[in-house]
Structures are given as C-alpha cells and as structure tokens.
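Trainee: Below is the file coords-v5.cif, which contains mmCIF, C-alpha atoms.
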```
data_protein
loop_
_atom_site.label_atom_id
_atom_site.label_comp_id
_atom_site.auth_asym_id
_atom_site.auth_seq_id
_atom_site.Cartn_x
_atom_site.Cartn_y
_atom_site.Cartn_z
CA MET A 9 -9.14 -8.72 27.45
CA HIS A 10 -9.40 -12.43 26.82
CA ARG A 11 -7.09 -13.49 23.98
CA THR A 12 -7.18 -16.77 22.17
CA LYS A 13 -4.58 -18.02 19.70
CA LEU A 14 -6.44 -19.43 16.68
CA ARG A 15 -4.49 -22.23 15.07
CA GLU A 16 -6.97 -23.14 12.38
CA PRO A 17 -8.73 -20.92 9.83
CA VAL A 18 -11.92 -19.65 11.39
CA GLY A 19 -14.92 -17.48 10.57
CA SER A 20 -16.91 -15.28 12.90
CA SER A 21 -19.31 -18.07 13.90
CA ALA A 22 -16.46 -20.23 15.16
CA THR A 23 -15.02 -17.56 17.43
CA GLN A 24 -17.90 -15.56 18.89
CA ARG A 25 -17.99 -17.88 21.90
CA THR A 26 -14.51 -16.69 22.96
CA LEU A 27 -15.28 -12.95 23.07
CA PRO A 28 -14.69 -10.88 26.23
CA LYS A 29 -17.28 -11.27 28.98
CA ASP A 30 -18.17 -9.10 31.94
CA ARG A 31 -18.01 -10.30 35.56
CA ALA A 32 -21.45 -11.87 35.25
CA GLY A 33 -20.33 -13.87 32.25
CA ARG A 34 -22.26 -11.82 29.71
CA GLU A 35 -20.62 -10.88 26.41
CA HIS A 36 -19.86 -7.20 26.00
CA ARG A 37 -21.17 -6.02 22.65
CA ASP A 38 -18.90 -2.97 22.74
CA LEU A 39 -15.72 -4.86 23.62
CA VAL A 40 -13.34 -5.89 20.87
CA ALA A 41 -11.06 -8.92 21.08
CA VAL A 42 -8.04 -9.38 18.83
CA PHE A 43 -7.06 -12.88 17.75
CA ALA A 44 -3.80 -13.84 16.06
CA VAL A 45 -3.77 -16.35 13.20
CA ASP A 46 -0.37 -17.28 11.82
CA GLY A 47 1.43 -19.68 9.52
CA ARG A 48 -0.52 -21.92 7.19
CA ALA A 49 -3.81 -21.10 8.95
CA ALA A 50 -3.28 -17.40 8.13
CA ALA A 51 -2.64 -18.15 4.45
CA VAL A 52 -5.83 -20.21 4.29
CA TRP A 53 -7.78 -17.46 6.11
CA VAL A 54 -6.64 -14.92 3.50
CA GLU A 55 -7.75 -17.22 0.69
CA ARG A 56 -11.13 -18.16 2.16
CA GLN A 57 -12.24 -15.46 4.58
CA TRP A 58 -10.56 -12.25 3.41
CA PRO A 59 -12.63 -11.74 0.21
CA ALA A 60 -15.84 -11.25 2.22
CA LEU A 61 -14.01 -8.91 4.63
CA TYR A 62 -12.70 -6.84 1.72
CA GLU A 63 -16.11 -6.57 0.09
CA GLN A 64 -17.63 -5.29 3.35
CA ASP A 65 -15.21 -2.36 3.42
CA PRO A 66 -15.88 0.18 0.66
CA LEU A 67 -12.91 2.25 1.87
CA ALA A 68 -10.37 -0.57 1.52
CA THR A 69 -7.65 -0.03 -1.07
CA PRO A 70 -6.29 -2.60 -3.54
CA TYR A 71 -3.31 -2.94 -1.19
CA SER A 72 -5.55 -5.01 1.05
CA SER A 73 -7.33 -6.94 -1.71
CA PRO A 74 -7.41 -10.75 -1.37
CA GLY A 75 -5.36 -11.37 -4.50
CA TRP A 76 -2.70 -8.82 -3.59
CA LEU A 77 -2.24 -10.24 -0.08
CA ALA A 78 -2.37 -13.89 -1.14
CA GLY A 79 0.21 -13.12 -3.83
CA TRP A 80 2.65 -11.57 -1.38
CA ALA A 81 2.00 -14.35 1.15
CA SER A 82 3.19 -16.81 -1.48
CA GLN A 83 6.42 -14.80 -1.91
CA LEU A 84 7.48 -14.73 1.75
CA PRO A 85 11.02 -15.99 2.45
CA ARG A 86 11.42 -19.23 4.36
CA ALA A 87 12.15 -17.40 7.60
CA ALA A 88 8.82 -15.52 7.45
CA THR A 89 5.22 -16.53 8.04
CA PRO A 90 1.97 -14.60 7.55
CA LEU A 91 0.42 -13.17 10.69
CA LEU A 92 -3.15 -11.88 10.82
CA LEU A 93 -4.57 -9.79 13.64
CA ILE A 94 -8.35 -10.21 13.56
CA ALA A 95 -10.57 -7.87 15.60
CA MET A 96 -14.01 -9.13 16.65
CA ASP A 97 -16.94 -8.06 18.75
CA SER A 98 -20.17 -9.89 19.46
CA THR A 99 -21.40 -9.19 15.92
CA GLY A 100 -18.46 -10.96 14.25
CA VAL A 101 -15.24 -9.93 12.53
CA ARG A 102 -14.93 -6.13 12.40
CA GLY A 103 -11.49 -5.74 10.86
CA ALA A 104 -8.16 -7.41 10.23
CA LEU A 105 -4.56 -6.38 9.68
CA ALA A 106 -2.35 -8.46 7.38
CA LEU A 107 1.24 -8.76 8.65
CA ALA A 108 4.23 -11.07 8.42
CA ARG A 109 6.60 -12.24 11.15
CA GLU A 110 10.19 -12.81 10.06
CA ARG A 111 13.18 -14.18 11.92
CA ARG A 112 16.34 -12.38 10.76
CA SER A 113 19.80 -13.90 10.60
CA ASP A 114 20.91 -11.77 13.57
CA GLY A 115 18.22 -13.36 15.75
CA THR A 116 15.87 -10.37 15.59
CA THR A 117 12.19 -11.01 15.00
CA VAL A 118 10.53 -8.43 12.76
CA VAL A 119 6.80 -7.89 12.30
CA ARG A 120 5.95 -5.96 9.16
CA PRO A 121 3.19 -5.73 6.53
CA LEU A 122 2.43 -8.93 4.67
CA SER A 123 2.80 -7.06 1.40
CA ALA A 124 6.41 -6.27 0.44
CA SER A 125 5.02 -3.33 -1.53
CA CYS A 126 2.38 -1.40 0.38
CA GLU A 127 1.81 2.32 -0.13
CA TYR A 128 -1.22 2.36 2.17
CA LEU A 129 -1.35 0.09 5.21
CA THR A 130 -4.92 -0.11 6.50
CA VAL A 131 -7.27 -2.31 8.47
CA ALA A 132 -9.74 -4.15 6.20
CA GLY A 133 -13.31 -4.84 7.23
CA PRO A 134 -16.61 -3.16 8.06
CA GLY A 135 -15.10 -1.70 11.25
CA SER A 136 -11.94 -0.31 9.65
CA ALA A 137 -12.85 3.23 10.78
CA ASP A 138 -14.01 2.12 14.24
CA GLN A 139 -11.79 3.53 17.00
CA ARG A 140 -12.59 0.53 19.22
CA VAL A 141 -11.14 -1.77 16.57
CA ALA A 142 -8.12 0.48 16.01
CA TYR A 143 -7.23 0.74 19.70
CA ALA A 144 -7.68 -2.99 20.25
CA LEU A 145 -5.27 -3.66 17.37
CA ALA A 146 -2.86 -0.99 18.64
CA ARG A 147 -2.73 -2.67 22.05
CA ARG A 148 -2.03 -6.03 20.45
CA LEU A 149 0.71 -4.50 18.31
CA ALA A 150 2.23 -2.98 21.46
CA GLY A 151 2.27 -6.48 22.93
CA LEU A 152 4.08 -7.82 19.87
CA ALA A 153 6.63 -5.02 20.22
CA ARG A 154 7.81 -6.50 23.54
CA THR A 155 9.50 -9.35 21.69
CA SER A 156 9.74 -8.09 18.10
CA VAL A 157 10.63 -5.04 16.07
CA VAL A 158 7.30 -3.91 14.65
CA THR A 159 7.31 -1.72 11.53
CA LEU A 160 4.03 -0.23 10.32
CA PRO A 161 4.78 1.86 7.21
CA GLN A 162 2.50 4.18 5.30
CA MET A 163 -0.65 4.26 7.43
CA PRO A 164 -2.96 7.04 6.18
CA ALA A 165 -2.64 9.74 8.85
CA ARG A 166 -6.41 10.19 9.09
CA SER A 167 -7.08 6.50 9.60
CA ALA A 168 -8.27 5.17 12.93
CA LEU A 169 -5.24 2.86 13.13
CA ALA A 170 -2.71 5.67 12.61
CA ARG A 171 -4.37 7.79 15.30
CA ALA A 172 -4.44 4.85 17.70
CA MET A 173 -0.77 4.04 17.07
CA GLN A 174 0.25 7.65 17.67
CA ASP A 175 -1.30 7.39 21.13
CA GLN A 176 0.85 4.37 22.04
CA PRO A 177 4.02 5.10 24.05
CA GLY A 178 7.33 3.72 22.89
CA TRP A 179 7.04 4.21 19.12
CA GLN A 180 8.81 6.47 16.67
CA HIS A 181 6.72 8.12 13.98
CA THR A 182 7.66 9.53 10.59
CA THR A 183 5.31 11.30 8.19
CA SER A 184 5.41 11.53 4.42
CA PRO A 185 3.16 13.53 2.08
CA THR A 186 0.71 11.83 -0.27
CA ALA A 187 -0.88 13.18 -3.45
CA VAL A 188 -4.25 12.36 -5.04
CA VAL A 189 -5.27 13.98 -8.34
CA PRO A 190 -9.04 14.59 -8.75
CA LEU A 191 -10.27 13.61 -12.21
CA PRO A 192 -10.84 14.93 -14.77
CA LEU A 193 -7.65 16.98 -14.67
CA ASP A 194 -8.56 20.56 -15.59
CA VAL A 195 -5.35 21.92 -17.10
CA ALA A 196 -7.00 25.28 -17.83
CA ALA A 197 -7.58 25.79 -14.10
CA LEU A 198 -3.91 25.28 -13.20
CA PRO A 199 -1.68 28.25 -12.36
CA LYS A 200 -0.34 30.04 -15.43
CA THR A 201 3.28 28.99 -14.82
CA ILE A 202 2.29 25.31 -14.64
CA ARG A 203 0.11 25.62 -17.78
CA ARG A 204 3.11 26.99 -19.63
CA GLN A 205 5.20 23.99 -18.58
CA HIS A 206 2.55 21.56 -19.82
CA THR A 207 2.24 23.45 -23.12
CA ARG A 208 6.01 23.45 -23.60
CA ARG A 209 6.20 19.68 -23.10
CA GLU A 210 3.29 19.06 -25.47
CA ARG A 211 5.00 21.11 -28.19
CA LYS A 212 8.19 19.13 -27.70
CA LEU A 213 6.29 15.86 -28.19
CA ALA A 214 4.17 17.12 -31.09
CA HIS A 215 6.83 16.25 -33.68
CA THR A 216 7.69 12.83 -32.27
CA ALA A 217 6.15 9.37 -32.55
CA VAL A 218 5.56 9.14 -28.79
CA ALA A 219 2.33 7.24 -28.10
CA TYR A 220 0.30 6.03 -25.14
CA ARG A 221 -1.15 2.62 -24.34
CA ARG A 222 -2.34 0.63 -21.38
CA THR A 223 -2.81 -3.08 -20.97
CA GLY A 224 -6.32 -4.48 -21.10
CA THR A 225 -5.83 -8.21 -20.61
CA ALA A 226 -4.06 -10.48 -18.13
CA ASP A 227 -1.60 -11.65 -20.81
CA ALA A 228 -0.76 -8.07 -21.80
CA LEU A 229 -0.24 -7.07 -18.15
CA LEU A 230 2.21 -9.89 -17.50
CA ALA A 231 3.96 -9.33 -20.86
CA ALA A 232 4.54 -5.64 -20.03
CA LEU A 233 5.83 -6.33 -16.52
CA PRO A 234 9.48 -7.29 -17.33
CA THR A 235 10.04 -3.99 -19.16
CA LEU A 236 8.57 -1.98 -16.28
CA VAL A 237 10.68 -3.78 -13.66
CA ALA A 238 13.83 -3.30 -15.78
CA LEU A 239 13.10 0.42 -16.28
CA HIS A 240 12.48 0.87 -12.57
CA ALA A 241 15.77 -0.85 -11.69
CA ALA A 242 17.66 1.26 -14.23
CA GLN A 243 16.18 4.49 -12.86
CA HIS A 244 16.86 3.51 -9.23
CA PRO A 245 20.26 1.76 -9.33
CA THR A 246 20.85 2.37 -5.61
CA GLY A 247 17.93 0.13 -4.62
CA ASP A 248 18.86 -2.77 -2.38
CA PRO A 249 18.55 -5.95 -4.49
CA ALA A 250 18.21 -7.99 -1.30
CA THR A 251 14.95 -6.25 -0.38
CA GLU A 252 13.53 -5.05 -3.72
CA PRO A 253 10.83 -7.38 -5.07
CA THR A 254 12.09 -9.32 -8.08
CA LEU A 255 10.38 -9.80 -11.43
CA ARG A 256 9.45 -13.28 -10.32
CA ALA A 257 7.83 -11.92 -7.15
CA TRP A 258 5.89 -9.27 -9.05
CA SER A 259 4.71 -11.86 -11.56
CA GLY A 260 3.55 -14.16 -8.78
CA VAL A 261 1.53 -11.36 -7.21
CA LEU A 262 0.02 -9.84 -10.35
CA ARG A 263 -1.17 -13.19 -11.64
CA ARG A 264 -3.67 -13.00 -8.77
CA CYS A 265 -4.63 -9.38 -9.46
CA THR A 266 -5.22 -9.30 -13.20
CA ASP A 267 -8.78 -8.05 -12.71
CA SER A 268 -7.66 -4.97 -10.73
CA ALA A 269 -4.32 -3.97 -12.27
CA PHE A 270 -2.88 -2.64 -15.52
CA ILE A 271 0.36 -1.14 -16.82
CA ALA A 272 0.34 2.19 -18.67
CA GLU A 273 3.18 2.96 -21.08
CA ALA A 274 4.54 5.78 -23.20
CA THR A 275 6.37 4.46 -26.26
CA LEU A 276 8.64 5.90 -28.94
CA ASP A 277 9.00 3.77 -32.06
CA ASN A 278 7.93 0.73 -30.00
CA THR A 279 10.50 1.48 -27.29
CA VAL A 280 8.93 1.93 -23.86
CA ILE A 281 10.21 5.24 -22.50
CA ALA A 282 7.94 5.48 -19.44
CA ALA A 283 5.68 3.05 -17.60
CA GLN A 284 3.82 2.58 -14.35
CA LEU A 285 1.83 -0.13 -12.68
CA CYS A 286 -1.65 0.83 -11.54
CA LEU A 287 -4.06 -0.87 -9.15
CA TYR A 288 -7.68 0.14 -9.02
CA ARG A 289 -10.91 -0.29 -7.14
CA ALA A 290 -14.19 1.36 -8.09
CA GLY A 291 -13.36 4.86 -9.34
CA HIS A 292 -10.00 5.17 -7.58
CA CYS A 293 -6.76 4.31 -9.39
CA TYR A 294 -3.45 3.91 -7.52
CA SER A 295 -0.18 4.46 -9.36
CA LEU A 296 2.94 2.64 -8.21
CA LEU A 297 6.32 1.66 -9.67
CA PRO A 298 6.58 4.70 -11.98
CA ALA A 299 9.68 4.51 -14.16
CA MET A 300 11.11 6.16 -17.24
CA HIS A 301 13.93 5.46 -19.63
CA PRO A 302 16.96 7.58 -18.62
CA ALA A 303 17.97 8.12 -22.27
CA PHE A 304 14.70 9.90 -23.05
CA ARG A 305 14.50 12.17 -20.04
CA HIS A 306 14.71 15.24 -22.30
CA LEU A 307 11.24 14.43 -23.67
CA GLY A 308 9.63 14.44 -20.23
CA PRO A 309 8.08 10.99 -20.77
CA GLY A 310 6.89 10.70 -17.17
CA HIS A 311 4.82 13.87 -17.46
CA ALA A 312 3.44 12.81 -20.85
CA LEU A 313 2.39 9.45 -19.44
CA LEU A 314 0.69 11.05 -16.43
CA ARG A 315 -1.30 13.46 -18.62
CA TRP A 316 -2.43 10.68 -20.96
CA LEU A 317 -3.23 8.37 -18.07
CA ALA A 318 -5.31 11.02 -16.29
CA ALA A 319 -7.30 11.71 -19.46
CA ASP A 320 -7.76 8.00 -20.18
CA LEU A 321 -8.97 7.26 -16.64
CA ALA A 322 -11.37 10.22 -16.63
CA ALA A 323 -12.88 9.03 -19.91
CA ASP A 324 -13.34 5.61 -18.28
CA GLY A 325 -15.26 7.09 -15.36
CA PHE A 326 -12.49 7.18 -12.74
CA THR A 327 -12.69 10.01 -10.21
CA HIS A 328 -9.20 9.93 -8.63
CA LEU A 329 -5.62 9.12 -9.64
CA ASP A 330 -3.63 8.41 -6.49
CA LEU A 331 0.08 9.24 -6.90
CA GLY A 332 0.81 7.84 -3.46
CA PRO A 333 3.54 8.66 -0.93
CA THR A 334 6.09 11.24 -2.01
CA ARG A 335 9.66 11.97 -1.00
CA PRO A 336 9.53 15.35 0.79
CA THR A 337 12.03 16.98 -1.58
CA PRO A 338 11.41 20.11 -3.69
CA GLU A 339 11.86 18.06 -6.87
CA GLN A 340 9.29 15.40 -6.01
CA LEU A 341 6.81 17.78 -4.42
CA GLY A 342 7.11 20.11 -7.39
CA TYR A 343 6.70 17.25 -9.87
CA LYS A 344 3.35 16.17 -8.44
CA ALA A 345 2.19 19.72 -7.69
CA GLN A 346 1.91 20.24 -11.46
CA TYR A 347 -1.24 18.06 -11.40
CA ALA A 348 -3.10 20.04 -8.70
CA PRO A 349 -3.34 17.12 -6.27
CA ALA A 350 -5.06 17.04 -2.91
CA TRP A 351 -2.25 16.64 -0.38
CA ASP A 352 -2.46 14.47 2.70
CA SER A 353 0.03 12.40 4.67
CA ASN A 354 0.96 8.89 5.76
CA VAL A 355 2.46 7.86 9.08
CA THR A 356 5.11 5.20 9.63
CA ALA A 357 5.38 3.79 13.16
CA VAL A 358 8.37 1.77 14.36
CA SER A 359 8.55 0.24 17.82
CA VAL A 360 11.40 1.10 20.17
CA ALA A 361 12.94 -1.84 22.03
CA THR A 362 11.44 -2.41 25.48
CA GLY A 363 13.73 -1.20 28.21
CA ALA A 364 15.67 1.14 25.92
CA ALA A 365 16.98 4.31 27.50
CA PRO A 366 15.05 7.52 26.81
CA GLY A 367 16.09 8.96 23.48
CA THR A 368 17.26 5.61 22.11
CA PRO A 369 16.74 5.60 18.33
CA ALA A 370 14.20 3.18 16.92
CA PRO A 371 15.55 0.23 14.93
CA ALA A 372 16.32 1.04 11.33
CA ILE A 373 13.36 0.68 8.97
CA PRO A 374 14.09 -1.83 6.20
CA ALA A 375 15.06 0.08 3.06
CA HIS A 376 12.10 -1.05 0.96
CA LEU A 377 9.61 -0.01 3.67
CA HIS A 378 11.08 3.40 4.50
CA PRO A 379 8.61 6.26 3.94
CA HIS A 380 11.26 8.36 2.19
CA THR A 381 12.20 5.76 -0.43
CA THR A 382 8.90 6.33 -2.21
CA ARG A 383 8.69 8.29 -5.43
#
```
Mind turning this structure into structure tokens?

Mentor:
Amino acid sequence: MHRTKLREPVGSSATQRTLPKDRAGREHRDLVAVFAVDGRAAAVWVERQWPALYEQDPLATPYSSPGWLAGWASQLPRAATPLLLIAMDSTGVRGALALARERRSDGTTVVRPLSASCEYLTVAGPGSADQRVAYALARRLAGLARTSVVTLPQMPARSALARAMQDQPGWQHTTSPTAVVPLPLDVAALPKTIRRQHTRRERKLAHTAVAYRRTGTADALLAALPTLVALHAAQHPTGDPATEPTLRAWSGVLRRCTDSAFIAEATLDNTVIAAQLCLYRAGHCYSLLPAMHPAFRHLGPGHALLRWLAADLAADGFTHLDLGPTRPTPEQLGYKAQYAPAWDSNVTAVSVATGAAPGTPAPAIPAHLHPHTTR
C-alpha cells in the first residue's frame, strides 16, 4: 500500500492522485489507502472537512460529530496533537478515525481517541461499515503500535473496526456490556417484580416536590453544567482529577454542541438531586455523565429522572435512549435491566509492546478510558 503523509488539510479531490495503483499504473477501485493528518492540519480538517463526512454517515453517533471533536481538539494538553486516519479509495474519502497522539512525561507516546470522553469509538463516513476500510485502518493502527501505545476504547463490538482489530495479532481486548432502551418505555410489559419496584418508587415520590426539567437553550445548557459536574465529582470521589475532564473542558466542548445536547435534571425545592448530560442525533439519545445527590439517595432520584426522561423523549419522537457502557457488576447490570434494554457490547483494544514476551500484559489503560470505569 502506498502511504502519503498529508501535511495540509485536504479533500478527496486533492488526494485521489496518490491512491494505490496496480503494476500497470492503474488505480485500484477496490483498494483503500489510509493517510495520516496531524497537528494543526488535522484540527483544520475537522473544522472544514469533517461536517460533510459526518452527514454522509447516518450511523455515526454524536461522539463523532464535528462540534464534539473540534471541542475536544481544543482541549488537548500541550504534549498532545490531533491525529486523523483518513481512508480513501478511488471514489474519495470513505471513512476517518479521530485520534490524538500524546507524549507522556516518561517518554512514552500514546495514541488514543481525540475525545477525552467517548462512549462509542467509531469510524465516521459513508464507508464506516465497509470491511475494506476497517482492515485498512486496522493495519495502519498496527503500524502505529510499533512506536506507540495505542488505546482504542469502547468500539461497538458489531462494528467493522472492532472486528478488524480483533483479527490483528498483538492486542489485548476487553469487553463491556452496553444498554439501549427502546422508546416508548412500556412499564406494563416489564416483569412483575420490576413493575413493583417502579410503583414503590413512584409512591415514595408522590408526596414530595420532586420535579423534572431539561434544558432547551444553549444558555440553559451551559448554566446547568457546573451543577452536573459537581454532582458527578461528589458521587465519584475516587476519580483521578488528573485525567477527568474539568468544568472548563466540558464548557469548551459543549459550547460547540449546543444544537445536539441537553441536560436533564430532577429537582427538589430547586435543589438538583439528579442530572445527566445527553447527546442526540435523529431519534437516538445518548445519556452520559449521570449523577445524583448522595444526600437524596433514599428517594431514588436517578430512577425517577430516567423514567421522566424516557417519557419526555418518547413524546418528542425519539426511538431509543442509549444508556451506554456499563460496569459488569450485579448492581449496575440490575439497575439498567429495570428499563428492559437491548444489551450489546463494546470492545476495548490496547496494543502490546512490540517484542514483548508471550503473555506480557498490555500497558495499563488510562483511568478515564478504561471500559470498567463507565457507569
């Protein structure tokens, strides 16, 4: 495969001339070349070229939206630069993977998702489900793993990229369950024991002033964010402050995503007792950063918020509420099982150092990217 390092932002018309050719010099329509764009050129490519790529992929999630990626690119530490892997054939750009390359203080180079918060890592573009694209990207990632630690968290297990990565030697893989609730939520169809739990919680809330709301404007979204981040930090005090995105980082990202994000809250006498950030595209809503006030745990505010949110989204025409990756513990699995979700799984792949002895453990996954630190 012929590989060319692109140092300036390019579109498909500027790069088709460098595609693989057969021995007679003719371009192979079925061959896929992967180009790397990094640094400032990558940031510009995300701003200018990624929106069209995103629109051509109806399966792409908000985690690969232009605003989300540009926001996280602007939050990279000084030692990190954006890195795009762009797959092309003779018809143009077929898919791209948004990554970052970071030089750690110990001299290690780490390649990881561009987004510091990414519950679904996918290829974006019209060829995102094309196995040719996936295997071309997998081979390029294997090449990067010769000189860097490559961490690819939370790839949907059914995706072409996850399947291609699982076929590559020299990687460690971890799976985590994911849960998606079909809407509308039919409580009457749930098992009797679960219906009783929902009824018991509703009775407990019936004599309180607990209420539901969700933001509907950019100003309201950003105004609600500090409370959500504070609640999340209070509920997860063991989180690593060195790797957890800060309020400033979240604000910088969400300012670019105000047309595809909102915050839902449960309140008691104007005190927020549960909240979660949601991203959405078409009829699919993705919940992340769920948090509740520890002092009001006895009211089950997280469950109340989920029930209200599901009903609100269904009334708005949404068809799915994605609860995302889940810690494989009885508590977390049981919590989400009460909403009759469709279960699937994500795969995390971490490269093993070249030349390592058989059985050598893979490098540790950064805490904020580990598949088992999800809710």

Trainee: Can you list, as a list in words, every protein, DNA or RNA residue that comes within 12 Å of Pro253 in chain A when you count only C-alpha atoms, leaving out same-chain residues fewer than 6 positions away?

Mentor: Trp80, Gln83, Leu84, Pro85, Ser123, Ala124, Ser125, Cys126, Val237, Ala238, His240, Ala241, Gly247, Ser259, Gly260, Val261, Leu297, Ala375, His376 and Leu377 of chain A

Trainee: Name the residues, using the chain letters and numbers of the file, that sit within 12 Å of (6.7, 10.6, -20.8) when counting only C-alpha atoms, and give them as a ChimeraX atom specification.

Mentor: /A:206,209-210,212-213,216-221,272-276,279-284,298-317

Trainee: Given the file shown, determine the residues that the PyMOL selection byres ((chain A and resi 51) around 12) selects; report them as a ChimeraX atom specification.

Mentor: /A:15-18,45-50,52-58,74-75,77-84,89-92,106-108,122

Trainee: Mind giving me the straight-line distance from CA of Thr235 in chain A to CA of Leu287 in chain A in Å, one decimal?

Mentor: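 So the two atoms, CA of Thr235 in chain A and CA of Leu287 in chain A, lie 17.6 Å apart.
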
Trainee: What is the distance, in Å and to one decimal place, between CA of Thr99 in chain A and CA of Tyr62 in chain A?

Mentor: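 CA of Thr99 in chain A sits 16.8 Å away from CA of Tyr62 in chain A.
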
Trainee: Nearest residue to Pro121 in chain A out of A:Arg204, A:Met163, A:Leu145, A:Ser136, using all atoms listed in the file?

Mentor: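 Smallest distance to Pro121 in chain A is found for A:Met163.
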
Trainee: Calculate how many Å separate CA of Ser98 in chain A from CA of Asp175 in chain A, rounding to one decimal.

Mentor: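 Separation between CA of Ser98 in chain A and CA of Asp175 in chain A: 25.6 Å.
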
Trainee: A:Pro333, A:Gly342, A:Gly178, A:Pro245: which is nearest Tyr294 in chain A, counting only C-alpha atoms?

Mentor: A:Pro333

Trainee: Could you tell me which residues the PyMOL selection byres ((chain A and resi 193-202) around 8) grabs in this file, written as a compact mmCIF listing (two decimals) with C-alpha atoms, keeping the file's coordinate frame?

Mentor:
```txt
# COMPACT_ATOMS: atom_id res chain seq x y z
CA VAL A 189 -5.27 13.98 -8.34
CA PRO A 190 -9.04 14.59 -8.75
CA LEU A 191 -10.27 13.61 -12.21
CA PRO A 192 -10.84 14.93 -14.77
CA ARG A 203 0.11 25.62 -17.78
CA ARG A 204 3.11 26.99 -19.63
CA GLN A 205 5.20 23.99 -18.58
CA HIS A 206 2.55 21.56 -19.82
CA ALA A 318 -5.31 11.02 -16.29
CA ALA A 319 -7.30 11.71 -19.46
CA ALA A 322 -11.37 10.22 -16.63
CA GLN A 346 1.91 20.24 -11.46
CA TYR A 347 -1.24 18.06 -11.40
CA ALA A 348 -3.10 20.04 -8.70
```

Trainee: Which residue out of A:Arg166, A:Asp97, A:Trp76, A:Asp277 has the minimum interatomic distance to Arg263 in chain A when only C-alpha atoms are used?

Mentor: A:Trp76

Trainee: I'd like to know which of A:Asp320, A:Asp330, A:Glu127, A:Asp267 is closest to Pro164 in chain A, using all atoms listed in the file.

Mentor: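 Residue with the minimum atom-to-atom distance to Pro164 in chain A: A:Glu127.
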
Trainee: Name every residue that the PyMOL selection byres ((chain A and resi 153-158) around 8) selects in this structure, writing the answer as a list in words with chains first and numbers rising.

Mentor: Thr116, Thr117, Val118, Val119, Arg120, Leu149, Ala150, Gly151, Leu152, Thr159, Leu160, Val358, Ser359, Val360, Ala361, Thr362 and Pro371 of chain A
